[in-house]
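Undergrad: One structure follows; several queries about it will come next.
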Amino acid sequence: NSATSSINLTNVFKDLDTTTDTNQIIKSIQVAGNTTIATPTITGNILNLKYQPYAFGSSSITIRGTSGGKTVDNTFTLTRNPSNLPVNTSSNLINGTASNNTLLGGTRSNIIQGYGGNDTLRAGSKNDVLIGGTGNDNLTGGSGKDILVGVDPRSTTAGRGEIDTLTT
């Protein structure tokens with residue numbers, strides 16, 4: 001199941017022609033942004049965000065308020081970080097972002113990639129591969145036969161200026 005959140009838009013738009021009924025301002029989504037992170041919908045004055053499981057990053061969402069033939073747009077940025085995720089039990093690939101992430105393995109064999117930032121990666125109970133990426137990372141093996149790689153192996157300057165901690 002995906003997590004959801006709701007944002008009350010009542011005070012986001014103000015109709016100067018009407019002082020008593022904010023429901024006269026019709027809200028609509030003009031730009032849904034990156035729907036691989038979250039899917040926005042509007043019901044009345046409520047913006048609902050349905051987050052996709054294990055999807056992270058930023059998304060710009062534009063809401064339009066319309067009243068009396070006039071429109072105003074309001075754009076905001078939604079940022080979803082994978083910090084302190086629940087244990088992953090269904091996916092074999094767990095990706096972080098350029099931010100500082102805490103990524104946890106689950107009951108399957110996983111490839112866990114922190115990418116940028118100072119990440120904490122913890123293996124689960126199976127045979128996992130943990131790749132810290134750039135930044136000062138803390139990788140901890142689990143009960144399986146895990147492979148811990150502190151640096152980004154694709155980089156030509158892998159490990160330069162990094163302090164990684166690998167614990168089995």
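Labels for the structure tokens follow display order: chains A, B, ..., residues from 1 in each chain, ligands from 1.
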Please, which residues of segment 16-71 of chain A, numbered as in this document, come out strand (DSSP E or B) from DSSP, as a PyMOL selection string?

TA: chain A and resi 26-31+38-43+46-51+57-67+70-71

Undergrad: Show me, as a tab-separated table, the residues of segment 55-145 of chain A having an atom within 9 Å of segment 28-48 of chain A, each with the closest atom pair and its distance in Å, using only C-alpha atoms.

TA:
```
residue	atom	partner	partner_atom	distance
A:Ala55	CA	A:Ile37	CA	5.1
A:Phe56	CA	A:Ile37	CA	5.8
A:Gly57	CA	A:Ile37	CA	6.9
A:Ser58	CA	A:Asn34	CA	7.5
A:Ser59	CA	A:Asn34	CA	5.0
A:Ser60	CA	A:Gly33	CA	4.9
A:Ile61	CA	A:Gly33	CA	5.0
A:Thr62	CA	A:Val31	CA	4.9
A:Ile63	CA	A:Ile29	CA	4.6
A:Arg64	CA	A:Ser28	CA	5.2
A:Gly65	CA	A:Ser28	CA	6.7
A:Thr66	CA	A:Ser28	CA	8.2
A:Asp73	CA	A:Gln30	CA	8.2
A:Thr75	CA	A:Val31	CA	8.6
A:Thr77	CA	A:Gly33	CA	8.9
A:Leu78	CA	A:Ala38	CA	8.7
A:Thr79	CA	A:Ile37	CA	8.9
A:Arg80	CA	A:Ile37	CA	7.6
```

Undergrad: Please produce a file of those selected residues containing N, CA and C atoms, as a PDB file, in the first residue's frame.

TA:
```pdb
ATOM      1  N   ALA A  55       9.632   5.226  -3.993  1.00  0.00           N
ATOM      2  CA  ALA A  55       9.963   6.204  -5.031  1.00  0.00           C
ATOM      3  C   ALA A  55      10.320   7.516  -4.341  1.00  0.00           C
ATOM      4  N   PHE A  56      11.446   8.117  -4.739  1.00  0.00           N
ATOM      5  CA  PHE A  56      11.960   9.273  -4.036  1.00  0.00           C
ATOM      6  C   PHE A  56      12.482  10.300  -5.008  1.00  0.00           C
ATOM      7  N   GLY A  57      12.578  11.522  -4.543  1.00  0.00           N
ATOM      8  CA  GLY A  57      13.085  12.615  -5.359  1.00  0.00           C
ATOM      9  C   GLY A  57      12.193  13.826  -5.194  1.00  0.00           C
ATOM     10  N   SER A  58      12.230  14.719  -6.195  1.00  0.00           N
ATOM     11  CA  SER A  58      11.458  15.959  -6.143  1.00  0.00           C
ATOM     12  C   SER A  58      10.469  16.016  -7.297  1.00  0.00           C
ATOM     13  N   SER A  59       9.376  16.728  -7.043  1.00  0.00           N
ATOM     14  CA  SER A  59       8.340  16.887  -8.045  1.00  0.00           C
ATOM     15  C   SER A  59       7.713  18.267  -7.872  1.00  0.00           C
ATOM     16  N   SER A  60       7.585  19.021  -8.963  1.00  0.00           N
ATOM     17  CA  SER A  60       6.911  20.320  -8.927  1.00  0.00           C
ATOM     18  C   SER A  60       5.462  20.123  -9.344  1.00  0.00           C
ATOM     19  N   ILE A  61       4.548  20.578  -8.486  1.00  0.00           N
ATOM     20  CA  ILE A  61       3.111  20.433  -8.732  1.00  0.00           C
ATOM     21  C   ILE A  61       2.512  21.832  -8.803  1.00  0.00           C
ATOM     22  N   THR A  62       1.743  22.099  -9.865  1.00  0.00           N
ATOM     23  CA  THR A  62       1.112  23.408 -10.035  1.00  0.00           C
ATOM     24  C   THR A  62      -0.393  23.270  -9.869  1.00  0.00           C
ATOM     25  N   ILE A  63      -0.934  24.064  -8.946  1.00  0.00           N
ATOM     26  CA  ILE A  63      -2.378  24.113  -8.685  1.00  0.00           C
ATOM     27  C   ILE A  63      -2.896  25.444  -9.217  1.00  0.00           C
ATOM     28  N   ARG A  64      -4.019  25.415  -9.904  1.00  0.00           N
ATOM     29  CA  ARG A  64      -4.639  26.642 -10.424  1.00  0.00           C
ATOM     30  C   ARG A  64      -5.926  26.926  -9.657  1.00  0.00           C
ATOM     31  N   GLY A  65      -6.064  28.186  -9.237  1.00  0.00           N
ATOM     32  CA  GLY A  65      -7.308  28.665  -8.646  1.00  0.00           C
ATOM     33  C   GLY A  65      -8.043  29.512  -9.663  1.00  0.00           C
ATOM     34  N   THR A  66      -9.318  29.209  -9.906  1.00  0.00           N
ATOM     35  CA  THR A  66     -10.111  29.935 -10.901  1.00  0.00           C
ATOM     36  C   THR A  66     -11.376  30.472 -10.246  1.00  0.00           C
ATOM     37  N   ASP A  73      -1.961  30.684 -10.555  1.00  0.00           N
ATOM     38  CA  ASP A  73      -1.283  29.406 -10.372  1.00  0.00           C
ATOM     39  C   ASP A  73      -0.356  29.483  -9.161  1.00  0.00           C
ATOM     40  N   THR A  75       2.742  27.058  -7.629  1.00  0.00           N
ATOM     41  CA  THR A  75       3.587  25.883  -7.827  1.00  0.00           C
ATOM     42  C   THR A  75       4.386  25.627  -6.567  1.00  0.00           C
ATOM     43  N   THR A  77       7.106  22.565  -4.585  1.00  0.00           N
ATOM     44  CA  THR A  77       7.973  21.412  -4.812  1.00  0.00           C
ATOM     45  C   THR A  77       7.789  20.414  -3.683  1.00  0.00           C
ATOM     46  N   LEU A  78       7.486  19.210  -4.058  1.00  0.00           N
ATOM     47  CA  LEU A  78       7.367  18.100  -3.128  1.00  0.00           C
ATOM     48  C   LEU A  78       8.688  17.338  -3.174  1.00  0.00           C
ATOM     49  N   THR A  79       9.305  17.130  -2.008  1.00  0.00           N
ATOM     50  CA  THR A  79      10.537  16.349  -1.930  1.00  0.00           C
ATOM     51  C   THR A  79      10.291  15.170  -1.015  1.00  0.00           C
ATOM     52  N   ARG A  80      10.516  13.989  -1.523  1.00  0.00           N
ATOM     53  CA  ARG A  80      10.332  12.768  -0.736  1.00  0.00           C
ATOM     54  C   ARG A  80      11.673  12.076  -0.599  1.00  0.00           C
TER      55      ARG A  80
END
```

Undergrad: Write out as a PyMOL selection string the residues lying within 12 Å of Asn101 of chain A, counting only C-alpha atoms and excluding same-chain residues fewer than 2 positions away.

TA: chain A and resi 56-57+80-85+94-99+103-104+112-122+132-139

Undergrad: Just to confirm, what's the straight-line distance from atom CA of Thr4 of chain A to atom CA of Leu130 of chain A in Å (one decimal)?

TA: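 Separation of atom CA of Thr4 of chain A and atom CA of Leu130 of chain A: 28.8 Å.
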
Undergrad: So, with only C-alpha atoms as the atoms that count, which of A:Gln24, A:Asn11, A:Ser143, A:Asn127 lies closest to Gly68 of chain A?

TA: A:Gln24

Undergrad: Quick check, in Å to one decimal: how far apart do atom CA of Val149 of chain A and atom CA of Ile111 of chain A lie?

TA: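 Taking atom CA of Val149 of chain A as the start and atom CA of Ile111 of chain A as the end point, the length is 11.0 Å.
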
Undergrad: Grab the atom CA of Thr140 of chain A to atom CA of Ala123 of chain A distance for me, in Å with one decimal place.

TA: 6.2 Å

Undergrad: Give me the residues within 9 Å of Val12 of chain A as a PyMOL selection string, counting only C-alpha atoms and dropping any in the same chain fewer than 2 places off.

TA: chain A and resi 8-10+14+65+74
